[in-house]
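Participant: Hey, dropping work25.cif in here, mmCIF, C-alpha atoms and all ligand atoms:
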```
data_final
loop_
_atom_site.label_atom_id
_atom_site.label_comp_id
_atom_site.auth_asym_id
_atom_site.auth_seq_id
_atom_site.Cartn_x
_atom_site.Cartn_y
_atom_site.Cartn_z
CA MET A 1 71.74 -1.25 25.14
CA HIS A 2 69.44 -3.45 23.09
CA GLU A 3 72.48 -4.39 21.01
CA LEU A 4 73.10 -7.22 23.48
CA ALA A 5 69.62 -8.59 22.73
CA VAL A 6 70.37 -8.27 19.02
CA ALA A 7 73.75 -10.00 19.51
CA GLN A 8 72.01 -12.88 21.30
CA ALA A 9 69.54 -13.23 18.44
CA LEU A 10 72.48 -13.23 16.01
CA VAL A 11 74.25 -15.98 17.96
CA GLU A 12 71.11 -18.14 17.93
CA GLN A 13 70.70 -17.72 14.19
CA VAL A 14 74.32 -18.52 13.43
CA ASP A 15 74.05 -21.53 15.71
CA ALA A 16 71.09 -22.79 13.67
CA VAL A 17 73.05 -22.32 10.43
CA ILE A 18 75.99 -24.29 11.86
CA ASP A 19 73.59 -27.12 12.77
CA GLN A 20 71.84 -27.06 9.42
CA HIS A 21 75.12 -27.48 7.58
CA GLN A 22 76.65 -29.85 10.10
CA ALA A 23 79.66 -27.56 10.35
CA SER A 24 82.02 -27.36 13.29
CA ARG A 25 82.16 -23.62 13.64
CA ALA A 26 81.61 -20.28 11.98
CA THR A 27 84.63 -18.27 10.91
CA LEU A 28 83.01 -15.19 9.40
CA ILE A 29 79.64 -13.60 9.99
CA ARG A 30 78.38 -10.87 7.71
CA VAL A 31 75.58 -8.62 8.92
CA ARG A 32 73.85 -5.94 6.88
CA ILE A 33 72.72 -2.91 8.88
CA GLY A 34 71.04 0.22 7.61
CA PRO A 35 71.17 3.47 9.61
CA LEU A 36 67.40 3.27 10.12
CA ALA A 37 67.51 -0.18 11.71
CA GLY A 38 68.13 1.40 15.10
CA VAL A 39 71.15 -0.79 15.78
CA VAL A 40 74.61 0.74 16.08
CA PRO A 41 77.23 -1.51 14.43
CA ASP A 42 79.97 -0.54 16.91
CA LEU A 43 77.75 -1.42 19.86
CA LEU A 44 76.75 -4.69 18.24
CA ALA A 45 80.43 -5.49 17.66
CA THR A 46 81.10 -4.82 21.36
CA ALA A 47 78.17 -6.96 22.50
CA PHE A 48 78.91 -9.86 20.16
CA PRO A 49 81.81 -11.44 22.13
CA LEU A 50 79.67 -11.42 25.28
CA ALA A 51 76.83 -13.21 23.52
CA ALA A 52 79.13 -15.59 21.64
CA ALA A 53 81.35 -16.64 24.55
CA GLY A 54 81.80 -20.40 24.60
CA ARG A 55 79.73 -20.85 21.43
CA ARG A 56 80.77 -22.23 18.05
CA MET A 57 81.14 -18.75 16.60
CA GLU A 58 83.10 -17.13 19.39
CA HIS A 59 86.21 -16.72 17.22
CA ALA A 60 84.36 -15.66 14.09
CA ASP A 61 85.01 -12.29 12.51
CA LEU A 62 81.99 -10.06 12.48
CA GLU A 63 81.74 -7.94 9.35
CA PHE A 64 79.21 -5.24 8.62
CA THR A 65 77.85 -4.32 5.24
CA HIS A 66 76.72 -0.75 5.29
CA ALA A 67 73.34 -0.16 3.66
CA PRO A 68 72.93 3.45 2.53
CA ILE A 69 69.51 5.08 2.83
CA ARG A 70 67.70 5.36 -0.47
CA VAL A 71 64.21 6.73 -0.88
CA HIS A 72 61.76 6.42 -3.74
CA CYS A 73 59.62 9.50 -4.36
CA GLN A 74 55.91 8.84 -4.80
CA THR A 75 55.45 12.26 -6.36
CA CYS A 76 58.14 12.42 -9.06
CA GLY A 77 59.41 8.84 -9.09
CA ALA A 78 63.07 9.67 -8.48
CA GLU A 79 65.22 7.39 -6.33
CA THR A 80 67.80 9.28 -4.29
CA GLU A 81 70.03 8.96 -1.24
CA ALA A 82 68.95 10.67 1.96
CA PRO A 83 70.30 11.40 5.46
CA MET A 84 68.48 9.55 8.25
CA ASN A 85 66.52 12.50 9.60
CA ARG A 86 65.56 14.04 6.25
CA LEU A 87 64.01 11.28 4.18
CA LEU A 88 62.95 13.73 1.47
CA CYS A 89 63.15 13.30 -2.27
CA GLY A 90 66.55 14.53 -3.47
CA ALA A 91 65.04 15.59 -6.79
CA CYS A 92 61.83 17.47 -5.91
CA GLY A 93 62.06 17.81 -2.11
CA ASP A 94 58.74 16.11 -1.40
CA TRP A 95 58.34 14.10 1.83
CA HIS A 96 56.04 11.48 0.31
CA THR A 97 58.78 8.92 -0.10
CA ARG A 98 59.25 5.24 0.65
CA ILE A 99 62.41 3.66 1.98
CA GLN A 100 64.08 1.45 -0.62
CA SER A 101 67.05 0.54 1.55
CA GLY A 102 68.66 1.69 4.76
CA ASP A 103 66.42 0.01 7.35
CA GLU A 104 67.82 -3.51 6.99
CA LEU A 105 68.94 -5.63 9.89
CA LEU A 106 69.92 -8.88 8.23
CA LEU A 107 72.18 -11.82 8.77
CA GLU A 108 73.63 -11.79 5.27
CA SER A 109 75.98 -14.75 5.18
CA VAL A 110 78.09 -17.04 7.30
CA GLU A 111 81.33 -18.81 6.46
CA LEU A 112 81.61 -22.21 8.05
CA GLU A 113 84.36 -24.65 8.74
CA THR A 114 83.00 -28.03 7.81
CA ALA A 115 83.31 -30.78 10.39
CA PRO A 116 85.78 -33.56 9.68
CA ALA A 117 83.95 -36.64 8.38
CA LEU A 118 82.86 -38.95 11.17
CA PRO A 119 84.41 -42.41 11.16
CA LEU A 120 81.91 -45.00 9.93
CA GLU A 121 80.36 -47.09 12.64
CA THR A 122 80.96 -50.78 12.36
CA MET B 1 59.82 -19.95 7.48
CA CYS B 2 61.67 -18.59 4.51
CA ASP B 3 65.11 -20.06 5.06
CA THR B 4 65.06 -22.06 1.90
CA CYS B 5 62.53 -20.53 -0.44
CA GLY B 6 64.88 -17.81 -1.66
CA CYS B 7 62.23 -15.17 -1.27
CA ASN B 8 64.73 -12.90 0.48
CA LEU B 9 66.73 -12.57 -2.72
CA THR B 10 66.22 -9.31 -4.53
CA PRO B 11 68.07 -7.93 -7.56
CA GLY B 12 69.95 -5.72 -5.08
CA ASN B 13 71.40 -8.48 -2.96
CA GLN B 14 71.57 -11.44 -5.34
CA HIS B 15 75.30 -11.03 -5.87
CA LEU B 16 75.81 -11.75 -2.18
CA ALA B 17 74.11 -15.10 -2.28
CA PHE B 18 76.60 -17.34 -3.97
CA LYS B 19 80.27 -16.77 -3.39
CA PRO B 20 83.21 -19.08 -3.89
CA VAL B 21 85.19 -19.78 -0.74
CA ALA B 22 88.36 -21.50 0.30
CA LYS B 23 88.53 -25.30 0.37
CA GLY B 24 87.30 -26.92 3.59
CA ALA B 25 84.95 -24.05 4.19
CA THR B 26 81.42 -23.28 3.09
CA ALA B 27 79.84 -19.88 2.65
CA VAL B 28 76.17 -19.86 3.38
CA SER B 29 73.87 -17.08 2.35
CA VAL B 30 71.19 -16.48 4.96
CA LEU B 31 69.56 -13.10 4.36
CA LYS B 32 67.27 -13.39 7.31
CA GLY B 33 66.09 -10.59 9.58
CA LEU B 34 68.19 -10.66 12.76
CA LEU B 35 65.12 -10.27 14.90
CA ALA B 36 63.19 -12.98 13.06
CA LYS B 37 62.54 -14.90 16.26
CA ASN B 38 61.05 -11.86 17.95
CA ASP B 39 59.03 -11.13 14.81
CA ASP B 40 57.61 -14.68 14.78
CA GLN B 41 56.56 -14.32 18.41
CA ALA B 42 55.05 -10.91 17.62
CA ALA B 43 53.03 -12.43 14.79
CA HIS B 44 51.78 -15.06 17.23
CA ASN B 45 50.79 -12.34 19.73
CA ARG B 46 48.95 -10.53 16.95
CA GLU B 47 46.97 -13.72 16.27
CA HIS B 48 45.88 -13.76 19.91
CA PHE B 49 44.61 -10.19 19.48
CA ASP B 50 43.01 -10.68 16.09
CA ARG B 51 41.18 -13.84 17.19
CA ARG B 52 39.40 -11.68 19.77
CA ALA B 53 39.16 -8.55 17.59
CA ILE B 54 41.29 -6.67 20.12
CA LEU B 55 43.11 -3.53 18.98
CA ALA B 56 46.61 -3.48 20.51
CA ILE B 57 48.44 -0.16 20.83
CA ASN B 58 52.08 0.32 21.84
CA LEU B 59 52.80 3.60 23.64
CA MET B 60 56.37 4.86 23.42
CA SER B 61 58.13 8.01 24.65
CA SER B 62 60.94 9.34 26.81
CA PRO B 63 60.51 8.69 30.54
CA GLY B 64 57.97 11.10 32.02
CA SER B 65 56.35 12.27 28.78
CA GLY B 66 52.93 11.40 30.17
CA LYS B 67 52.12 7.87 28.97
CA THR B 68 50.52 6.78 32.23
CA ALA B 69 48.69 10.09 32.67
CA LEU B 70 47.32 9.74 29.14
CA LEU B 71 46.17 6.21 29.91
CA GLU B 72 44.44 7.33 33.11
CA ALA B 73 42.52 10.05 31.29
CA THR B 74 41.74 7.77 28.33
CA LEU B 75 40.47 4.90 30.48
CA THR B 76 38.24 7.27 32.42
CA ALA B 77 36.79 8.74 29.24
CA LEU B 78 36.14 5.35 27.63
CA LYS B 79 34.95 3.41 30.66
CA ASP B 80 31.30 3.18 29.63
CA GLU B 81 32.13 2.55 25.99
CA PHE B 82 34.87 -0.10 25.76
CA THR B 83 36.58 -2.69 27.91
CA CYS B 84 40.26 -1.84 28.08
CA ALA B 85 43.31 -3.59 29.50
CA VAL B 86 46.86 -2.41 30.02
CA ILE B 87 50.25 -4.07 29.99
CA GLU B 88 52.68 -1.91 31.93
CA GLY B 89 56.26 -2.27 30.79
CA ASP B 90 57.69 0.81 32.38
CA LEU B 91 59.94 -0.69 35.02
CA GLU B 92 60.73 1.34 38.11
CA THR B 93 57.91 0.22 40.42
CA GLU B 94 54.43 -1.29 40.57
CA ASN B 95 53.25 2.33 40.54
CA ASP B 96 52.01 2.57 36.98
CA ALA B 97 49.96 -0.64 37.10
CA GLU B 98 48.44 0.49 40.39
CA ARG B 99 47.48 3.84 38.86
CA ILE B 100 45.65 1.90 36.12
CA ARG B 101 43.98 -0.55 38.50
CA ALA B 102 42.72 2.43 40.49
CA LYS B 103 40.61 3.15 37.40
CA GLY B 104 39.03 -0.30 37.67
CA VAL B 105 40.93 -1.53 34.62
CA GLN B 106 42.84 -4.80 34.33
CA ALA B 107 46.58 -4.14 34.33
CA HIS B 108 49.59 -6.43 34.31
CA GLN B 109 53.01 -5.12 35.25
CA ILE B 110 55.96 -6.58 33.35
CA VAL B 111 58.96 -6.46 35.57
CA THR B 112 61.67 -5.85 33.03
CA GLY B 113 64.35 -5.50 35.65
CA THR B 114 67.18 -3.81 33.86
CA ALA B 115 65.78 -4.23 30.34
CA CYS B 116 65.46 -1.04 28.33
CA HIS B 117 62.71 -2.26 25.99
CA LEU B 118 59.89 -4.76 25.79
CA ASP B 119 60.05 -7.65 23.36
CA ALA B 120 57.41 -9.98 21.97
CA HIS B 121 58.25 -12.77 24.42
CA LEU B 122 57.80 -10.52 27.46
CA VAL B 123 54.43 -9.43 26.10
CA HIS B 124 53.36 -13.03 25.43
CA ASP B 125 54.27 -13.97 29.01
CA ALA B 126 52.17 -11.05 30.20
CA LEU B 127 49.20 -12.23 28.12
CA HIS B 128 49.21 -15.48 30.09
CA HIS B 129 48.51 -13.49 33.25
CA MET B 130 45.56 -11.69 31.73
CA THR B 131 41.99 -12.36 30.75
CA LEU B 132 41.71 -11.32 27.13
CA ASP B 133 38.11 -12.34 26.50
CA GLY B 134 35.84 -9.33 26.15
CA ILE B 135 38.70 -6.84 25.77
CA ASP B 136 38.28 -4.20 23.05
CA LEU B 137 41.46 -2.17 23.48
CA LEU B 138 44.80 -3.29 24.84
CA PHE B 139 47.39 -0.64 25.61
CA ILE B 140 51.02 -1.58 26.08
CA GLU B 141 53.05 1.08 27.90
CA ASN B 142 56.60 0.48 26.72
CA VAL B 143 59.75 1.33 28.67
CA GLY B 144 60.44 5.07 28.68
CA ASN B 145 63.19 5.23 26.06
CA LEU B 146 63.33 6.76 22.59
CA VAL B 147 65.90 4.33 21.26
CA CYS B 148 65.41 0.59 21.45
CA PRO B 149 61.64 0.02 21.84
CA ALA B 150 61.23 1.00 18.18
CA SER B 151 63.24 -2.03 17.02
CA PHE B 152 61.08 -4.71 18.63
CA ASP B 153 57.69 -5.67 17.25
CA LEU B 154 55.42 -6.73 20.12
CA GLY B 155 52.45 -7.83 18.03
CA GLN B 156 50.70 -4.47 18.34
CA HIS B 157 48.68 -3.03 15.49
CA LEU B 158 49.65 0.58 16.07
CA ASN B 159 52.50 2.59 17.55
CA VAL B 160 51.69 5.81 19.32
CA THR B 161 54.67 8.01 20.15
CA LEU B 162 54.35 10.78 22.72
CA LEU B 163 56.43 13.93 22.73
CA SER B 164 55.85 16.29 25.66
CA VAL B 165 56.24 20.01 25.12
CA THR B 166 58.86 20.09 27.88
CA GLU B 167 61.17 18.17 25.56
CA GLY B 168 62.64 19.67 22.38
CA ASP B 169 60.51 20.06 19.26
CA ASP B 170 63.45 18.56 17.33
CA LYS B 171 63.18 15.16 19.04
CA PRO B 172 61.84 13.52 15.82
CA ALA B 173 65.02 14.65 14.00
CA LYS B 174 67.21 13.33 16.83
CA TYR B 175 65.41 9.98 17.14
CA PRO B 176 64.33 9.23 13.56
CA VAL B 177 64.06 5.47 14.08
CA MET B 178 61.50 5.96 16.85
CA PHE B 179 59.43 8.68 15.22
CA ARG B 180 59.44 7.01 11.81
CA ALA B 181 57.69 4.08 13.51
CA ALA B 182 54.81 6.21 14.83
CA ASP B 183 51.30 5.64 13.51
CA ALA B 184 50.28 8.70 15.52
CA MET B 185 52.34 11.34 17.31
CA LEU B 186 50.88 12.96 20.40
CA LEU B 187 52.24 16.29 21.60
CA THR B 188 51.49 16.06 25.31
CA LYS B 189 51.31 18.50 28.25
CA THR B 190 50.13 21.30 25.96
CA ASP B 191 48.80 23.12 29.05
CA LEU B 192 52.45 24.03 29.62
CA LEU B 193 52.89 25.62 26.17
CA ALA B 194 51.85 28.98 27.59
CA VAL B 195 54.81 29.05 29.97
CA LEU B 196 57.35 27.58 27.54
CA ASP B 197 58.63 29.67 24.68
CA ASP B 198 60.91 27.20 22.97
CA PHE B 199 58.54 24.43 21.84
CA ASP B 200 56.87 25.01 18.48
CA PRO B 201 54.26 22.30 17.72
CA ASP B 202 54.39 23.13 14.01
CA LYS B 203 58.13 22.53 13.99
CA ALA B 204 57.68 19.18 15.73
CA GLU B 205 55.19 18.23 13.03
CA ALA B 206 57.55 19.41 10.26
CA HIS B 207 60.34 17.25 11.71
CA LEU B 208 57.98 14.27 11.59
CA ARG B 209 57.13 14.93 7.92
CA ASN B 210 60.85 15.09 7.18
CA LEU B 211 60.87 11.42 8.14
CA ALA B 212 58.33 10.77 5.37
CA ASN B 213 55.81 9.94 8.08
CA PRO B 214 52.19 10.93 7.29
CA ALA B 215 50.95 10.02 10.82
CA PRO B 216 48.37 12.32 12.40
CA VAL B 217 49.74 14.71 15.04
CA MET B 218 47.43 15.42 17.97
CA ARG B 219 48.04 18.07 20.61
CA LEU B 220 46.65 17.37 24.06
CA SER B 221 46.90 17.73 27.79
CA ALA B 222 45.78 14.66 29.71
CA ARG B 223 45.94 16.53 33.02
CA LYS B 224 43.84 19.48 31.88
CA GLY B 225 41.61 17.50 29.52
CA MET B 226 42.55 19.58 26.49
CA GLY B 227 42.53 18.07 23.00
CA MET B 228 41.36 14.67 24.24
CA ASP B 229 38.39 14.49 21.87
CA ALA B 230 40.52 14.15 18.73
CA TRP B 231 42.57 11.38 20.38
CA LEU B 232 39.46 9.51 21.55
CA ALA B 233 37.88 9.87 18.10
CA TRP B 234 41.06 8.46 16.55
CA LEU B 235 40.93 5.47 18.93
CA ARG B 236 37.28 4.78 18.04
CA GLU B 237 38.11 5.01 14.35
CA GLN B 238 41.09 2.65 14.72
CA LEU B 239 39.06 0.12 16.71
CA ALA B 240 36.36 0.16 14.02
CA ALA B 241 39.07 -0.36 11.38
CA GLN B 242 40.49 -3.29 13.36
CA ARG B 243 37.06 -4.92 13.61
CA ALA B 244 36.55 -4.47 9.87
CA ARG B 245 39.95 -6.09 9.20
CA VAL B 246 39.21 -9.01 11.50
CA ALA B 247 35.86 -9.55 9.78
CA LYS B 248 37.77 -9.90 6.52
CA GLY B 249 40.44 -12.14 8.03
CA GLN B 250 43.08 -9.42 7.72
CA SER B 251 45.54 -7.88 10.15
CA ARG B 252 47.79 -4.88 10.35
CA ARG B 253 51.34 -4.22 11.41
CA PRO B 254 52.68 -0.89 12.67
CA ALA B 255 53.85 1.72 10.16
CA ILE B 256 57.19 0.03 9.58
CA GLN B 257 57.23 -3.31 7.88
CA ALA B 258 59.87 -5.80 8.83
CA ASP B 259 62.43 -6.67 6.20
CA GLY B 260 60.99 -10.09 5.53
CA MET B 261 57.64 -8.62 4.57
CA LYS B 262 59.29 -6.12 2.29
CA TYR B 263 61.31 -8.73 0.44
CA HIS B 264 58.23 -10.85 -0.04
CA LYS B 265 56.53 -7.88 -1.65
CA ALA B 266 59.54 -7.15 -3.81
CA THR B 267 59.48 -10.58 -5.34
CA ALA B 268 55.72 -11.14 -5.39
N1 LIG A 301 51.29 19.76 33.20
C1 LIG A 301 51.08 18.50 32.82
N2 LIG A 301 51.77 17.51 33.43
C2 LIG A 301 51.56 16.24 33.02
C3 LIG A 301 50.63 15.93 31.99
N3 LIG A 301 50.66 14.60 31.80
C4 LIG A 301 51.55 14.10 32.67
N4 LIG A 301 52.09 15.08 33.41
C5 LIG A 301 53.09 14.94 34.50
O1 LIG A 301 54.30 14.42 33.96
C6 LIG A 301 54.90 13.50 34.89
C7 LIG A 301 55.12 12.16 34.24
O2 LIG A 301 53.88 11.62 33.81
P1 LIG A 301 53.68 10.06 33.59
O3 LIG A 301 52.31 9.89 33.07
O4 LIG A 301 54.05 9.30 34.81
O5 LIG A 301 54.76 9.80 32.44
P2 LIG A 301 55.29 8.41 31.83
O6 LIG A 301 56.61 8.13 32.46
O7 LIG A 301 55.43 8.66 30.36
O8 LIG A 301 54.27 7.37 32.15
C8 LIG A 301 53.94 13.42 36.07
O9 LIG A 301 54.41 14.28 37.08
C9 LIG A 301 52.64 13.91 35.50
O10 LIG A 301 51.82 14.52 36.46
C10 LIG A 301 49.90 17.02 31.39
O11 LIG A 301 49.06 16.85 30.50
N5 LIG A 301 50.17 18.27 31.83
MG MG A 302 54.49 5.47 33.06
ZN ZN A 303 66.68 -1.87 24.85
ZN ZN A 304 60.41 13.69 -5.96
ZN ZN A 305 59.21 -17.08 1.68
ZN ZN A 306 50.29 -17.82 22.68
#
```
Just give me the structure as structure tokens.
Ligand SMILES: Nc1nc2c(ncn2[C@@H]2O[C@H](COP(=O)(O)OP(=O)(O)O)[C@@H](O)[C@H]2O)c(=O)[nH]1
Ligand SMILES: [Mg+2]
Ligand SMILES: [Zn+2]
Ligand SMILES: [Zn+2]
Ligand SMILES: [Zn+2]
Ligand SMILES: [Zn+2]

Facilitator:
Amino acid sequence: MHELAVAQALVEQVDAVIDQHQASRATLIRVRIGPLAGVVPDLLATAFPLAAAGRRMEHADLEFTHAPIRVHCQTCGAETEAPMNRLLCGACGDWHTRIQSGDELLLESVELETAPALPLET
Amino acid sequence: MCDTCGCNLTPGNQHLAFKPVAKGATAVSVLKGLLAKNDDQAAHNREHFDRRAILAINLMSSPGSGKTALLEATLTALKDEFTCAVIEGDLETENDAERIRAKGVQAHQIVTGTACHLDAHLVHDALHHMTLDGIDLLFIENVGNLVCPASFDLGQHLNVTLLSVTEGDDKPAKYPVMFRAADAMLLTKTDLLAVLDDFDPDKAEAHLRNLANPAPVMRLSARKGMGMDAWLAWLREQLAAQRARVAKGQSRRPAIQADGMKYHKATA
């Protein structure tokens, strides 16, 4: 359910990017989500149109980049992939690992349509 | 804060930063945490706490795992030692805050309405209704929910996740995002272990370790006063650690670092 709150945060950030670049609207929004971020991409995709209604990104495509879970073992140094509820070292089985990727929740990039040049004031 | 400094670029994501696009369009690389606004507010809340050397603890669990009962027992045990305050985020009614006030402790009820988690702005609003001066320990009882509260930093220093023995001992495996975020896991209602044959505390702990989480696991019953000493000792230790940090001008975030922090480290 918190995906709506996340979608609203996304809309605000994209809005700021549109302003920063004096664009007219966003056409593509790319978000990077790892399984450990606690946000379900499908639910975010469902919530996005609600949050974006009437805004300058309402017709933008929302694309997700999947971020696989990778852990770095503090015991043997190996870096391996892991399922989300067994973050163990794939080489030696130890649980003393650190997440290298898989917990991201990032606005990766936005494609903008640039505004037509304003007529010069006379 | 870091929109332009490029500190979010790592060798792993650099290729995403600059991409050619069609004419008339611009591709902008952002690489910013989606919850950056919440995280900024949380950092601000943490400053409020650190300025007063308050230790802030976020309590999370399923509904009914015993968060309020634990608070009642804890506040009673600590009443001559520390000044505590409570932010109640568990919606339903005014009940929880009233249970706390009955202990003579300052409590503010956040009325989340239909919200399923607290966020840093709700907590900041609550702080405006409270007197923080003289407080040693601030407990925040989050909404009973094992899913979304884990994603929102409130400005707390520590996350404490409760798992009652009437739930399954495999909850940490089913809700890895929540249990990975725990700085301590409390197995609650252990007085009921005798009549339950399907909850193995060792298994619950093993599931937590499978999440690469070294957090201490404490077994207790707030209602029967079992195992409370270890929990109270942990609180005293954590408060001392917070005061030592504040004296050195440092702070602490819960077990999980936000992306921004991680990327800063990666490029430092
Ligand atoms: N047997 C037993 N019941 C408990 C214990 N702690 C809480 N409860 C009961 O569990 C129910 C929910 O407790 P509460 O503290 O309101 O849970 P919360 O929703 O997490 O705040 C209540 O009926 C409590 O009396 C305990 O240590 N032992
Ligand atoms: Mg409660
Ligand atoms: Zn929620
Ligand atoms: Zn290893
Ligand atoms: Zn920076
Ligand atoms: Zn403030």

Participant: Any idea what's packed within 12 Å of segment 68-80 of chain A, counting all atoms listed in the file, ignoring anything in its chain fewer than 3 positions away? Could you give it as a PyMOL selection string?

Facilitator: (chain A and resi 32-37+65+83-104) or (chain B and resi 211-212)

Participant: Which polymer residues have any atom within 6 Å of an atom of segment 65-81 of chain B, counting only C-alpha atoms, with same-chain residues fewer than 3 positions away left out, as a list of chain:residue names?

Facilitator: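 Near neighbours after the sequence-gap exclusion: B:Ser62, B:Ser164, B:Ala222.
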
Participant: Within 7 Å of segment 84-91 of chain B, counting all atoms listed in the file, which residues show up once you throw out same-chain ones fewer than 3 positions away? Write them as a PyMOL selection string, please.

Facilitator: chain B and resi 96-97+105-113+118+135-144

Participant: Quote the spacing between atom CA of Met218 of chain B and atom CA of Leu187 of chain B in Å to one decimal place.

Facilitator: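 For atom CA of Met218 of chain B relative to atom CA of Leu187 of chain B, the distance reads 6.1 Å.
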
Participant: Please measure the separation of atom CA of Gly134 of chain B and atom CA of Pro254 of chain B, giving the value in Å to one decimal.

Facilitator: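 Separation between atom CA of Gly134 of chain B and atom CA of Pro254 of chain B: 23.2 Å.
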
Participant: For a quick test of understanding: name the residues of chain B lying within 9 Å of chain A when counting all atoms listed in the file, and present them as JSON, numbers by chain.

Facilitator: {"B": [16, 17, 21, 24, 25, 26, 27, 28, 29, 30, 31, 32, 33, 34, 35, 36, 37, 38, 115, 116, 117, 147, 148, 149, 150, 151, 172, 173, 174, 175, 176, 177, 178, 180, 207, 208, 209, 210, 211, 212, 213, 214, 258, 259]}

Participant: Hey, can you spit out that residue selection with C-alpha atoms as an mmCIF file, in the coordinates of the input?

Facilitator:
```
data_model
loop_
_atom_site.group_PDB
_atom_site.id
_atom_site.type_symbol
_atom_site.label_atom_id
_atom_site.label_comp_id
_atom_site.auth_asym_id
_atom_site.auth_seq_id
_atom_site.Cartn_x
_atom_site.Cartn_y
_atom_site.Cartn_z
ATOM 1 C CA LEU B 16 75.810 -11.750 -2.180
ATOM 2 C CA ALA B 17 74.110 -15.100 -2.280
ATOM 3 C CA VAL B 21 85.190 -19.780 -0.740
ATOM 4 C CA GLY B 24 87.300 -26.920 3.590
ATOM 5 C CA ALA B 25 84.950 -24.050 4.190
ATOM 6 C CA THR B 26 81.420 -23.280 3.090
ATOM 7 C CA ALA B 27 79.840 -19.880 2.650
ATOM 8 C CA VAL B 28 76.170 -19.860 3.380
ATOM 9 C CA SER B 29 73.870 -17.080 2.350
ATOM 10 C CA VAL B 30 71.190 -16.480 4.960
ATOM 11 C CA LEU B 31 69.560 -13.100 4.360
ATOM 12 C CA LYS B 32 67.270 -13.390 7.310
ATOM 13 C CA GLY B 33 66.090 -10.590 9.580
ATOM 14 C CA LEU B 34 68.190 -10.660 12.760
ATOM 15 C CA LEU B 35 65.120 -10.270 14.900
ATOM 16 C CA ALA B 36 63.190 -12.980 13.060
ATOM 17 C CA LYS B 37 62.540 -14.900 16.260
ATOM 18 C CA ASN B 38 61.050 -11.860 17.950
ATOM 19 C CA ALA B 115 65.780 -4.230 30.340
ATOM 20 C CA CYS B 116 65.460 -1.040 28.330
ATOM 21 C CA HIS B 117 62.710 -2.260 25.990
ATOM 22 C CA VAL B 147 65.900 4.330 21.260
ATOM 23 C CA CYS B 148 65.410 0.590 21.450
ATOM 24 C CA PRO B 149 61.640 0.020 21.840
ATOM 25 C CA ALA B 150 61.230 1.000 18.180
ATOM 26 C CA SER B 151 63.240 -2.030 17.020
ATOM 27 C CA PRO B 172 61.840 13.520 15.820
ATOM 28 C CA ALA B 173 65.020 14.650 14.000
ATOM 29 C CA LYS B 174 67.210 13.330 16.830
ATOM 30 C CA TYR B 175 65.410 9.980 17.140
ATOM 31 C CA PRO B 176 64.330 9.230 13.560
ATOM 32 C CA VAL B 177 64.060 5.470 14.080
ATOM 33 C CA MET B 178 61.500 5.960 16.850
ATOM 34 C CA ARG B 180 59.440 7.010 11.810
ATOM 35 C CA HIS B 207 60.340 17.250 11.710
ATOM 36 C CA LEU B 208 57.980 14.270 11.590
ATOM 37 C CA ARG B 209 57.130 14.930 7.920
ATOM 38 C CA ASN B 210 60.850 15.090 7.180
ATOM 39 C CA LEU B 211 60.870 11.420 8.140
ATOM 40 C CA ALA B 212 58.330 10.770 5.370
ATOM 41 C CA ASN B 213 55.810 9.940 8.080
ATOM 42 C CA PRO B 214 52.190 10.930 7.290
ATOM 43 C CA ALA B 258 59.870 -5.800 8.830
ATOM 44 C CA ASP B 259 62.430 -6.670 6.200
#
```

Participant: Report, in Å with one decimal, the straight-line distance from atom CA of Asp197 of chain B to atom CA of Glu167 of chain B.

Facilitator: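 It comes out at 11.8 Å.
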